[in-house]
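Source file: data.txt. Holds: compact mmCIF, C-alpha atoms.
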# COMPACT_ATOMS: atom_id res chain seq x y z
CA MET O 30 4.71 -23.15 4.59
CA GLY O 31 7.80 -20.92 5.03
CA THR O 32 8.88 -17.76 3.31
CA SER O 33 11.50 -19.63 1.28
CA VAL O 34 8.82 -21.16 -0.94
CA LEU O 35 7.42 -17.82 -2.09
CA THR O 36 7.63 -17.09 -5.78
CA PRO O 37 10.61 -14.73 -6.35
CA ALA O 38 10.11 -11.54 -8.34
CA SER O 39 13.38 -12.03 -10.20
CA VAL O 40 15.72 -14.89 -11.02
CA ARG O 41 18.96 -15.16 -12.98
CA ARG O 42 18.97 -17.17 -16.15
CA ALA O 43 22.25 -17.43 -18.08
CA GLY O 44 23.47 -14.67 -15.78
CA THR O 45 20.77 -12.14 -16.68
CA LEU O 46 18.04 -11.10 -14.27
CA HIS O 47 14.57 -12.13 -15.41
CA MET O 48 11.13 -11.35 -14.02
CA SER O 49 9.19 -14.57 -14.60
CA ASP O 50 10.27 -15.51 -18.15
CA VAL O 51 11.06 -11.98 -19.31
CA PRO O 52 14.69 -10.73 -19.33
CA LEU O 53 14.75 -7.31 -17.69
CA THR O 54 17.09 -6.13 -20.43
CA ALA O 55 14.20 -6.62 -22.87
CA VAL O 56 11.95 -4.39 -20.77
CA ALA O 57 14.59 -1.66 -20.53
CA ASP O 58 15.33 -1.83 -24.26
CA ALA O 59 11.65 -1.57 -25.18
CA VAL O 60 10.44 0.91 -22.56
CA GLY O 61 13.51 2.79 -21.32
CA THR O 62 14.41 3.69 -17.75
CA PRO O 63 13.49 4.43 -15.03
CA THR O 64 10.68 1.87 -15.15
CA TYR O 65 8.75 0.01 -12.49
CA CYS O 66 8.14 -3.68 -13.22
CA TYR O 67 5.54 -5.80 -11.40
CA SER O 68 5.25 -9.57 -11.38
CA ALA O 69 1.72 -10.89 -11.78
CA ASP O 70 2.97 -14.30 -10.67
CA VAL O 71 4.19 -12.99 -7.32
CA ILE O 72 0.96 -11.10 -6.65
CA ARG O 73 -1.08 -14.23 -7.38
CA ASP O 74 1.22 -16.27 -5.15
CA ARG O 75 0.91 -13.87 -2.21
CA TYR O 76 -2.86 -13.62 -2.56
CA ALA O 77 -3.23 -17.41 -2.63
CA ARG O 78 -1.06 -17.86 0.44
CA LEU O 79 -2.89 -15.21 2.44
CA THR O 80 -6.36 -16.48 1.57
CA ALA O 81 -5.33 -20.04 2.46
CA ALA O 82 -4.42 -18.75 5.93
CA LEU O 83 -7.89 -17.25 6.39
CA GLU O 84 -9.91 -20.37 5.63
CA GLY O 85 -12.37 -21.55 8.27
CA VAL O 86 -14.35 -18.33 8.75
CA PRO O 87 -16.26 -16.02 6.39
CA TYR O 88 -13.73 -13.46 5.14
CA ARG O 89 -12.94 -10.96 2.41
CA VAL O 90 -9.61 -9.46 1.38
CA HIS O 91 -9.73 -5.74 0.64
CA TYR O 92 -6.40 -4.68 -0.88
CA SER O 93 -5.07 -1.37 0.47
CA VAL O 94 -4.81 0.80 -2.65
CA LYS O 95 -2.42 3.28 -1.05
CA ALA O 96 0.37 0.69 -1.33
CA ASN O 97 0.19 0.74 -5.13
CA GLY O 98 -2.75 2.16 -7.07
CA CYS O 99 -1.70 0.92 -10.51
CA SER O 100 -4.93 0.07 -12.32
CA ALA O 101 -3.44 -3.12 -13.75
CA ILE O 102 -2.75 -4.34 -10.22
CA LEU O 103 -6.27 -3.43 -9.13
CA ARG O 104 -7.73 -5.37 -12.04
CA LEU O 105 -5.50 -8.38 -11.35
CA LEU O 106 -6.47 -8.50 -7.68
CA ALA O 107 -10.15 -8.04 -8.50
CA SER O 108 -9.90 -11.04 -10.85
CA LEU O 109 -8.60 -13.07 -7.90
CA GLY O 110 -11.58 -12.08 -5.76
CA SER O 111 -10.19 -9.12 -3.83
CA GLY O 112 -12.01 -5.95 -2.92
CA VAL O 113 -10.18 -2.74 -2.06
CA ASP O 114 -9.69 -0.31 0.79
CA VAL O 115 -9.36 3.31 -0.37
CA VAL O 116 -8.40 6.41 1.59
CA SER O 117 -9.35 9.20 -0.82
CA GLY O 118 -11.90 10.12 -3.43
CA GLY O 119 -9.20 9.72 -6.06
CA GLU O 120 -8.48 6.15 -4.99
CA MET O 121 -12.20 5.38 -5.07
CA PHE O 122 -12.40 6.83 -8.58
CA LYS O 123 -9.48 4.66 -9.72
CA ALA O 124 -11.00 1.57 -8.11
CA GLN O 125 -14.31 2.12 -9.89
CA ARG O 126 -12.50 2.71 -13.18
CA ALA O 127 -10.77 -0.65 -12.62
CA GLY O 128 -14.16 -2.37 -12.40
CA LEU O 129 -14.69 -2.66 -8.65
CA THR O 130 -18.28 -2.29 -7.43
CA PRO O 131 -18.76 0.13 -4.49
CA ALA O 132 -21.48 -1.80 -2.65
CA THR O 133 -19.53 -5.05 -2.50
CA ASP O 134 -15.88 -4.25 -3.21
CA ILE O 135 -14.98 -0.83 -1.80
CA ILE O 136 -14.25 0.18 1.79
CA PHE O 137 -13.55 3.89 2.26
CA GLY O 138 -11.16 4.69 5.12
CA GLY O 139 -8.86 7.56 6.03
CA VAL O 140 -8.55 9.94 8.96
CA GLY O 141 -9.37 13.13 7.05
CA LYS O 142 -12.13 12.40 4.55
CA THR O 143 -13.62 15.69 3.36
CA ALA O 144 -17.35 16.37 3.13
CA SER O 145 -17.18 16.06 -0.67
CA GLU O 146 -15.38 12.71 -0.41
CA LEU O 147 -17.92 11.44 2.11
CA ARG O 148 -20.70 12.55 -0.20
CA GLU O 149 -19.09 10.64 -3.08
CA GLY O 150 -18.75 7.50 -0.97
CA ILE O 151 -22.30 7.67 0.38
CA ALA O 152 -23.79 8.42 -3.04
CA ALA O 153 -21.87 5.48 -4.52
CA GLY O 154 -23.13 3.21 -1.74
CA VAL O 155 -19.74 1.90 -0.63
CA LYS O 156 -19.62 -1.25 1.45
CA LEU O 157 -18.25 0.63 4.48
CA LEU O 158 -17.22 4.12 5.48
CA ASN O 159 -14.71 3.60 8.27
CA ALA O 160 -15.14 6.65 10.50
CA GLU O 161 -12.36 7.87 12.80
CA SER O 162 -14.08 10.42 15.08
CA MET O 163 -17.39 11.50 16.56
CA ALA O 164 -17.38 14.51 14.23
CA GLU O 165 -17.03 12.28 11.18
CA VAL O 166 -19.92 10.07 12.28
CA GLU O 167 -22.08 13.18 12.70
CA LEU O 168 -21.11 14.46 9.24
CA ILE O 169 -21.80 11.09 7.62
CA GLY O 170 -25.22 11.08 9.29
CA ALA O 171 -26.04 14.57 8.03
CA ILE O 172 -24.95 13.87 4.43
CA ALA O 173 -26.73 10.50 4.32
CA ALA O 174 -29.93 12.10 5.64
CA GLU O 175 -29.70 14.78 2.97
CA LEU O 176 -29.32 12.07 0.31
CA GLY O 177 -32.14 10.03 1.79
CA VAL O 178 -30.08 6.87 2.43
CA ARG O 179 -28.57 4.89 5.31
CA ALA O 180 -24.80 4.79 5.17
CA ASN O 181 -22.90 1.68 6.25
CA VAL O 182 -20.40 2.85 8.86
CA GLY O 183 -17.51 1.13 10.57
CA LEU O 184 -15.72 2.63 13.56
CA ARG O 185 -11.95 2.60 13.27
CA VAL O 186 -10.64 1.90 16.74
CA ASN O 187 -7.24 2.98 17.99
CA PRO O 188 -6.51 -0.03 20.22
CA GLU O 189 -3.79 1.96 22.02
CA ILE O 190 -1.30 -0.89 22.21
CA PRO O 191 2.49 -1.09 21.82
CA VAL O 192 3.46 -1.55 18.15
CA ALA O 193 6.82 -3.03 17.16
CA ASN O 194 8.09 -2.19 13.69
CA TRP O 195 11.13 -0.59 12.06
CA HIS O 196 10.00 3.04 11.73
CA HIS O 197 7.75 5.22 13.88
CA TYR O 198 6.18 6.86 10.82
CA ILE O 199 4.32 3.63 10.01
CA LYS O 200 2.94 2.93 13.49
CA THR O 201 -0.77 3.77 13.68
CA GLY O 202 -2.25 1.97 16.69
CA GLU O 203 -0.48 3.50 19.69
CA LYS O 204 -1.95 5.99 22.11
CA GLY O 205 -1.76 9.56 20.80
CA HIS O 206 -1.63 8.67 17.11
CA LYS O 207 -3.92 10.63 14.81
CA PHE O 208 -5.59 7.47 13.54
CA GLY O 209 -8.79 5.97 14.87
CA ILE O 210 -11.10 6.62 17.79
CA PRO O 211 -9.36 6.39 21.18
CA TYR O 212 -10.30 3.06 22.73
CA GLY O 213 -12.08 4.56 25.73
CA GLU O 214 -14.29 6.74 23.50
CA VAL O 215 -15.56 4.05 21.12
CA ALA O 216 -18.69 3.21 23.13
CA ALA O 217 -19.82 6.86 23.17
CA VAL O 218 -19.23 7.24 19.42
CA ALA O 219 -21.08 3.99 18.79
CA GLN O 220 -24.01 5.17 20.90
CA ARG O 221 -24.25 8.31 18.80
CA ALA O 222 -24.08 6.28 15.57
CA LEU O 223 -26.95 4.12 16.83
CA GLU O 224 -29.04 7.24 17.46
CA LEU O 225 -28.65 8.51 13.89
CA PRO O 226 -31.40 7.09 11.64
CA SER O 227 -29.27 7.61 8.52
CA VAL O 228 -26.35 5.54 9.87
CA ARG O 229 -26.06 1.76 10.00
CA LEU O 230 -23.33 0.72 12.43
CA ALA O 231 -21.95 -2.27 10.54
CA ALA O 232 -18.32 -2.82 11.54
CA LEU O 233 -15.47 -2.37 13.96
CA ASP O 234 -12.09 -1.69 12.37
CA MET O 235 -8.46 -1.30 13.38
CA HIS O 236 -5.10 -0.88 11.68
CA VAL O 237 -2.18 -1.00 14.07
CA GLY O 238 0.65 -0.24 11.64
CA SER O 239 2.80 -1.51 8.80
CA GLN O 240 5.81 -3.85 8.61
CA LEU O 241 4.94 -5.38 11.99
CA THR O 242 7.78 -7.50 13.32
CA SER O 243 5.69 -9.60 15.70
CA VAL O 244 2.16 -10.93 16.03
CA ASP O 245 1.73 -9.34 19.46
CA ALA O 246 0.05 -6.18 18.16
CA TYR O 247 -2.52 -8.26 16.26
CA GLU O 248 -3.06 -10.51 19.26
CA HIS O 249 -3.69 -7.61 21.63
CA GLY O 250 -5.57 -5.45 19.14
CA ALA O 251 -7.88 -8.25 18.01
CA ALA O 252 -8.68 -9.13 21.62
CA ARG O 253 -9.61 -5.50 22.30
CA LEU O 254 -11.84 -5.40 19.21
CA VAL O 255 -13.66 -8.58 20.24
CA ALA O 256 -14.28 -7.13 23.70
CA LEU O 257 -15.76 -4.02 22.08
CA VAL O 258 -18.10 -6.13 19.94
CA ALA O 259 -19.73 -7.51 23.07
CA GLU O 260 -19.92 -4.03 24.61
CA LEU O 261 -21.54 -2.50 21.54
CA ARG O 262 -24.04 -5.33 21.21
CA ALA O 263 -25.11 -4.59 24.76
CA LEU O 264 -25.76 -1.01 23.62
CA GLY O 265 -28.03 -2.30 20.85
CA ALA O 266 -25.64 -2.59 17.90
CA SER O 267 -27.59 -5.45 16.32
CA GLU O 268 -26.47 -4.74 12.74
CA LEU O 269 -22.75 -5.34 13.28
CA ALA O 270 -21.60 -7.54 10.40
CA TYR O 271 -17.83 -7.10 9.95
CA LEU O 272 -14.65 -7.31 12.00
CA ASP O 273 -12.01 -5.37 10.03
CA VAL O 274 -8.52 -6.10 11.36
CA GLY O 275 -6.62 -3.98 8.79
CA GLY O 276 -3.33 -4.97 7.22
CA GLY O 277 0.33 -4.47 8.09
CA LEU O 278 1.83 -7.87 7.29
CA SER O 279 5.55 -7.43 6.82
CA VAL O 280 7.73 -8.31 3.85
CA ARG O 281 11.46 -8.90 3.53
CA TYR O 282 13.69 -6.11 2.26
CA ASP O 283 17.01 -7.19 3.78
CA ASP O 284 17.53 -9.73 6.55
CA GLU O 285 14.21 -9.25 8.35
CA VAL O 286 12.18 -12.26 9.42
CA PRO O 287 8.71 -11.46 8.06
CA MET O 288 5.56 -12.39 9.90
CA GLU O 289 4.12 -15.55 8.44
CA PRO O 290 0.58 -15.16 7.06
CA GLU O 291 -0.32 -18.42 8.79
CA ASP O 292 0.45 -16.85 12.18
CA PHE O 293 -1.56 -13.76 11.25
CA GLY O 294 -4.40 -15.94 10.02
CA ARG O 295 -4.51 -17.98 13.22
CA ILE O 296 -5.02 -14.82 15.31
CA VAL O 297 -7.54 -13.00 13.15
CA THR O 298 -9.67 -16.01 12.28
CA ARG O 299 -9.95 -16.81 15.99
CA ALA O 300 -11.11 -13.23 16.62
CA ALA O 301 -13.67 -13.51 13.82
CA HIS O 302 -14.96 -16.80 15.24
CA GLU O 303 -15.26 -15.35 18.75
CA SER O 304 -17.07 -12.26 17.51
CA GLY O 305 -19.36 -14.09 15.10
CA LEU O 306 -18.63 -11.43 12.45
CA GLU O 307 -17.30 -11.69 8.91
CA LEU O 308 -13.57 -11.05 8.79
CA ILE O 309 -12.10 -8.26 6.65
CA VAL O 310 -8.35 -7.94 6.11
CA GLU O 311 -6.67 -5.05 4.29
CA PRO O 312 -3.19 -6.10 3.12
CA GLY O 313 -1.21 -3.75 0.92
CA ARG O 314 2.57 -4.13 1.06
CA TYR O 315 2.29 -7.90 1.62
CA LEU O 316 0.65 -8.43 -1.77
CA VAL O 317 2.77 -6.10 -3.90
CA GLY O 318 5.95 -5.06 -2.07
CA ASN O 319 8.18 -7.94 -3.13
CA ALA O 320 6.39 -8.18 -6.50
CA GLY O 321 7.95 -5.00 -7.92
CA LEU O 322 11.32 -3.56 -8.79
CA LEU O 323 12.62 -0.33 -10.29
CA LEU O 324 14.91 -0.48 -13.32
CA ALA O 325 17.50 2.29 -13.53
CA ARG O 326 20.52 2.87 -15.73
CA VAL O 327 23.93 4.11 -14.58
CA ILE O 328 24.70 7.39 -16.34
CA TYR O 329 27.90 8.58 -14.59
CA ARG O 330 30.64 7.46 -12.21
CA LYS O 331 32.73 9.83 -10.11
CA GLN O 332 34.96 10.06 -7.05
CA SER O 333 34.40 12.56 -4.24
CA GLY O 334 36.17 12.70 -0.90
CA GLY O 335 37.66 9.28 -1.45
CA LYS O 336 34.22 7.77 -2.16
CA SER O 337 32.93 6.09 -5.30
CA ILE O 338 29.61 7.51 -6.50
CA VAL O 339 27.33 5.74 -8.96
CA ILE O 340 24.82 8.15 -10.54
CA THR O 341 21.67 6.66 -12.04
CA ASP O 342 18.82 8.05 -14.12
CA ALA O 343 16.32 7.27 -11.33
CA GLY O 344 15.98 9.63 -8.40
CA MET O 345 14.18 10.25 -5.15
CA ASN O 346 11.23 11.58 -7.12
CA ASP O 347 10.83 8.03 -8.51
CA LEU O 348 11.50 6.13 -5.25
CA VAL O 349 11.48 8.25 -2.11
CA ARG O 350 11.58 5.50 0.52
CA PRO O 351 15.38 5.57 1.12
CA ALA O 352 15.32 9.37 1.60
CA LEU O 353 12.11 9.43 3.65
CA TYR O 354 12.52 6.32 5.81
CA LYS O 355 16.20 5.39 5.31
CA ALA O 356 14.65 2.27 3.81
CA PHE O 357 16.82 -0.54 2.44
CA HIS O 358 16.38 -1.86 -1.11
CA ARG O 359 18.62 -4.54 -2.57
CA ILE O 360 20.39 -3.28 -5.68
CA GLU O 361 22.10 -5.45 -8.26
CA ALA O 362 23.25 -5.28 -11.85
CA VAL O 363 20.88 -6.92 -14.32
CA GLU O 364 23.79 -8.29 -16.37
CA PRO O 365 26.45 -10.26 -14.45
CA LEU O 366 29.54 -8.39 -13.27
CA ASP O 367 32.43 -9.98 -11.38
CA ALA O 368 34.18 -6.91 -9.93
CA ARG O 369 32.68 -5.19 -6.89
CA LEU O 370 33.17 -1.90 -5.06
CA THR O 371 31.78 0.10 -2.16
CA ALA O 372 29.84 3.08 -3.43
CA ASP O 373 26.99 5.51 -2.93
CA ILE O 374 24.18 4.85 -5.42
CA VAL O 375 22.48 8.18 -6.08
CA GLY O 376 20.12 9.92 -8.46
CA PRO O 377 20.15 13.16 -10.49
CA VAL O 378 17.84 15.20 -8.23
CA CYS O 379 19.31 18.36 -6.70
CA GLU O 380 19.19 17.13 -3.10
CA THR O 381 21.91 15.53 -1.00
CA GLY O 382 19.14 13.24 0.25
CA ASP O 383 18.69 11.88 -3.27
CA PHE O 384 20.24 8.46 -2.73
CA PHE O 385 19.23 4.81 -2.88
CA ALA O 386 22.15 3.42 -0.89
CA LEU O 387 25.21 4.76 0.93
CA ASP O 388 28.48 2.89 1.29
CA ARG O 389 26.88 -0.16 -0.32
CA ASP O 390 28.85 -3.17 -1.53
CA ILE O 391 27.69 -3.53 -5.13
CA GLU O 392 28.84 -4.75 -8.53
CA ASP O 393 31.26 -2.38 -10.28
CA ALA O 394 28.58 -1.00 -12.59
CA GLN O 395 29.91 1.34 -15.25
CA PRO O 396 27.91 3.94 -17.22
CA GLY O 397 25.30 2.18 -19.32
CA ALA O 398 24.85 -0.70 -16.88
CA LEU O 399 21.28 -1.59 -15.94
CA LEU O 400 20.43 -1.84 -12.22
CA ALA O 401 17.46 -3.44 -10.48
CA LEU O 402 16.25 -1.86 -7.23
CA HIS O 403 14.35 -4.71 -5.65
CA ASP O 404 11.21 -4.92 -3.51
CA ALA O 405 9.84 -1.60 -4.76
CA GLY O 406 6.28 -2.69 -5.50
CA ALA O 407 4.79 -0.90 -2.49
CA TYR O 408 5.06 2.84 -1.80
CA GLY O 409 7.19 3.32 -4.90
CA TYR O 410 5.42 4.76 -7.94
CA VAL O 411 2.45 5.73 -5.79
CA MET O 412 4.68 8.18 -3.87
CA ALA O 413 6.52 9.44 -6.95
CA SER O 414 6.54 13.16 -7.77
CA ASN O 415 7.52 15.62 -10.45
CA TYR O 416 10.22 17.27 -8.33
CA ASN O 417 12.88 18.96 -10.50
CA ALA O 418 10.23 18.81 -13.28
CA ARG O 419 11.00 15.14 -13.81
CA GLY O 420 8.30 13.02 -15.43
CA ARG O 421 7.15 10.02 -13.48
CA PRO O 422 8.43 6.65 -14.78
CA ALA O 423 6.61 4.01 -16.78
CA GLU O 424 4.96 1.00 -15.12
CA VAL O 425 5.17 -2.47 -16.68
CA MET O 426 3.31 -5.65 -15.77
CA VAL O 427 5.11 -8.93 -16.39
CA ASP O 428 2.98 -12.05 -16.71
CA GLY O 429 4.80 -15.24 -17.57
CA ALA O 430 6.69 -14.72 -20.83
CA ARG O 431 4.97 -11.46 -21.77
CA PHE O 432 5.05 -7.88 -20.56
CA ALA O 433 3.06 -4.75 -21.23
CA VAL O 434 3.31 -1.05 -20.41
CA VAL O 435 0.38 -0.41 -18.06
CA THR O 436 1.25 3.23 -17.28
CA ALA O 437 2.99 5.35 -19.89
CA ARG O 438 6.05 7.40 -18.99
CA GLU O 439 5.17 11.06 -18.42
CA THR O 440 6.28 13.52 -21.06
CA TYR O 441 7.23 17.20 -20.91
CA ASP O 442 3.71 18.02 -22.08
CA ASP O 443 2.30 16.15 -19.08
CA LEU O 444 4.29 18.45 -16.78
CA VAL O 445 2.45 21.56 -18.00
CA ARG O 446 -0.90 20.09 -19.04
CA ARG O 447 -2.86 21.67 -16.18
CA GLU O 448 -1.08 25.03 -16.17
CA THR O 449 -2.82 28.12 -17.53
CA ALA O 450 -0.76 30.55 -19.61
CA SER O 451 -3.53 33.19 -19.59
CA PRO O 452 -5.36 32.90 -16.27
CA THR O 453 -8.69 34.54 -15.54
CA TRP O 454 -8.19 37.10 -12.77
CA HIS O 455 -10.81 37.62 -10.08
CA HIS O 456 -11.23 40.68 -7.89
CA ALA O 457 -11.85 40.17 -4.19
Take the structure in the file and give it back as structure tokens.
Amino acid sequence: MGTSVLTPASVRRAGTLHMSDVPLTAVADAVGTPTYCYSADVIRDRYARLTAALEGVPYRVHYSVKANGCSAILRLLASLGSGVDVVSGGEMFKAQRAGLTPATDIIFGGVGKTASELREGIAAGVKLLNAESMAEVELIGAIAAELGVRANVGLRVNPEIPVANWHHYIKTGEKGHKFGIPYGEVAAVAQRALELPSVRLAALDMHVGSQLTSVDAYEHGAARLVALVAELRALGASELAYLDVGGGLSVRYDDEVPMEPEDFGRIVTRAAHESGLELIVEPGRYLVGNAGLLLARVIYRKQSGGKSIVITDAGMNDLVRPALYKAFHRIEAVEPLDARLTADIVGPVCETGDFFALDRDIEDAQPGALLALHDAGAYGYVMASNYNARGRPAEVMVDGARFAVVTARETYDDLVRRETASPTWHHA
């Protein structure tokens, strides 16, 4: 099965861009702009394709909430059978509010979990706490002992392998990265976990990075994990139950050739079979990245230094990926336009870095035209901010011929809701 058969997030009908059976003009007219739109059909399609590639071994998908924490998406994925991987107390709170059960559905990861977050995870009885250092294992043991429970712990391993992807910010499995336990130290950390009566060593975990361009990192990383399983069993780790291989499957933004889930599945299911453990995978971007887009409206056109500039009502506070990563997002007019031009597509934020595309060939969109910024379902709204005191946009779920606002647009009142006009002063 190739990437060409994947359900598209948008199609043109009678010239107008639709998401499933909903014209995007109808969403913009009803909800305004900027607005994120997510296709339930695409998310279902991606989930089905990934799970088909994992058949043959016991497995569970745990969606990586950091990619997009919209509660409607969490509920949709839970209805398909997915658990979640969270990296903060706030994400765990949102997951529970969406109906996910800690003991079966929630894995708590993250390199810098605080003592209060660990306490929340242990008290909730999460399926796994993926620890990333000796110090964290010790702290988990102390908190669990205080609470009178045994905490299920996984050790996140840094496999220390070369990682090929398009930006060094999203590599996590090379030597010297902050993530995970250095490969040569895993046995010592495991030995300490086995000595702690309030810790159950239940899993080995890795996450080598995001937007991986080849299967090599999975191949090498999985082989290193399997070797560690045998080593830890020799130390007495008889309660190992899970092999957590993380996520990182790539999606197409421009002309990339994404990794096929079938190739990923072949590698990780083999590792699960060799280890005898239940497989856990933690996809994020793969499930939601191509499922979302950001609607924006052109508000001004101008010329500067011989360049055409298209100014939209969406800015870097709504979608920061182009400014942060120089990331590419396809941009097209929702209504058909014949004329084209080369222009910078920018936002209203007071930063020169507030752009979505530079020197891009695009339709000659005039003020009032509606634009779709494609493939914005991952690391879009979840990274949005209130910079320049701009309210965060609305989020809409599209399902077949219907759509609904699943996150309301922020108002001016939302911007000041937590501020205190008459603070209580304390003396040191």
Report as a ChimeraX atom specification all protein, DNA and RNA residues lying within 7 Å of range 98-114 of chain O, evaluated on only C-alpha atoms, omitting residues in the same chain fewer than 2 positions from it.
/O:90-96,116,123-124,127,134-138,311,411,435
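The space separating CA of Glu289 in chain O from CA of Arg89 in chain O comes to 18.7 Å.
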Pick the closest to Tyr271 in chain O from O:Ser49, O:Asn417, O:Thr62, O:Asn159: which is it, counting only C-alpha atoms?
O:Asn159
Considering only C-alpha atoms, return as a count of residues only whatever protein or nucleic-acid residues lie within 8 Å of range 213-227 of chain O, sequence-local ones (same chain, fewer than 6 positions apart) excluded.
20
Got a sec: who's within 8 Å of Pro63 in chain O, counting all atoms listed in the file, leaving out chain neighbours fewer than 4 positions off, as a PyMOL selection string?
chain O and resi 323-326+342-343+347+422-423
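Distance-wise, CA of Asp404 in chain O and CA of Val427 in chain O end up 14.8 Å apart.
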Show me as a PyMOL selection string the residues that reach within 12 Å of (8.9, 1.8, -12.1), counting all atoms listed in the file and using the file's own coordinates.
chain O and resi 56-57+60-68+97+99+320-325+342-344+346-348+401-413+420-426+434-439
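For Leu46 in chain O, the list of residues within 9 Å, based on all atoms listed in the file and with local chain neighbours fewer than 4 positions off taken out, reads Ser39, Val40, Arg41, Arg42, Val51, Pro52, Leu53, Thr54, Ala362, Val363, Glu364, Pro365 and Ala401 of chain O.
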Nearest to Gln240 in chain O, restricted to all atoms listed in the file and choosing among O:Arg281, O:Arg262, O:Arg75, O:Lys207, comes out as O:Arg281
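Going from CA of Asp367 in chain O to CA of Ala43 in chain O covers 14.3 Å.
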Tell me, as a short mmCIF file (atom, residue, chain, number, x, y, z; two decimals) with C-alpha atoms, in the frame of the given file, which residues lie within 10 Å of Ala270 in chain O, counting only C-alpha atoms; anything in the same chain fewer than 6 positions away does not count.
data_model
loop_
_atom_site.label_atom_id
_atom_site.label_comp_id
_atom_site.auth_asym_id
_atom_site.auth_seq_id
_atom_site.Cartn_x
_atom_site.Cartn_y
_atom_site.Cartn_z
CA GLY O 183 -17.51 1.13 10.57
CA LEU O 230 -23.33 0.72 12.43
CA ALA O 231 -21.95 -2.27 10.54
CA ALA O 232 -18.32 -2.82 11.54
CA LEU O 233 -15.47 -2.37 13.96
CA SER O 304 -17.07 -12.26 17.51
CA GLY O 305 -19.36 -14.09 15.10
CA LEU O 306 -18.63 -11.43 12.45
CA GLU O 307 -17.30 -11.69 8.91
CA LEU O 308 -13.57 -11.05 8.79
#
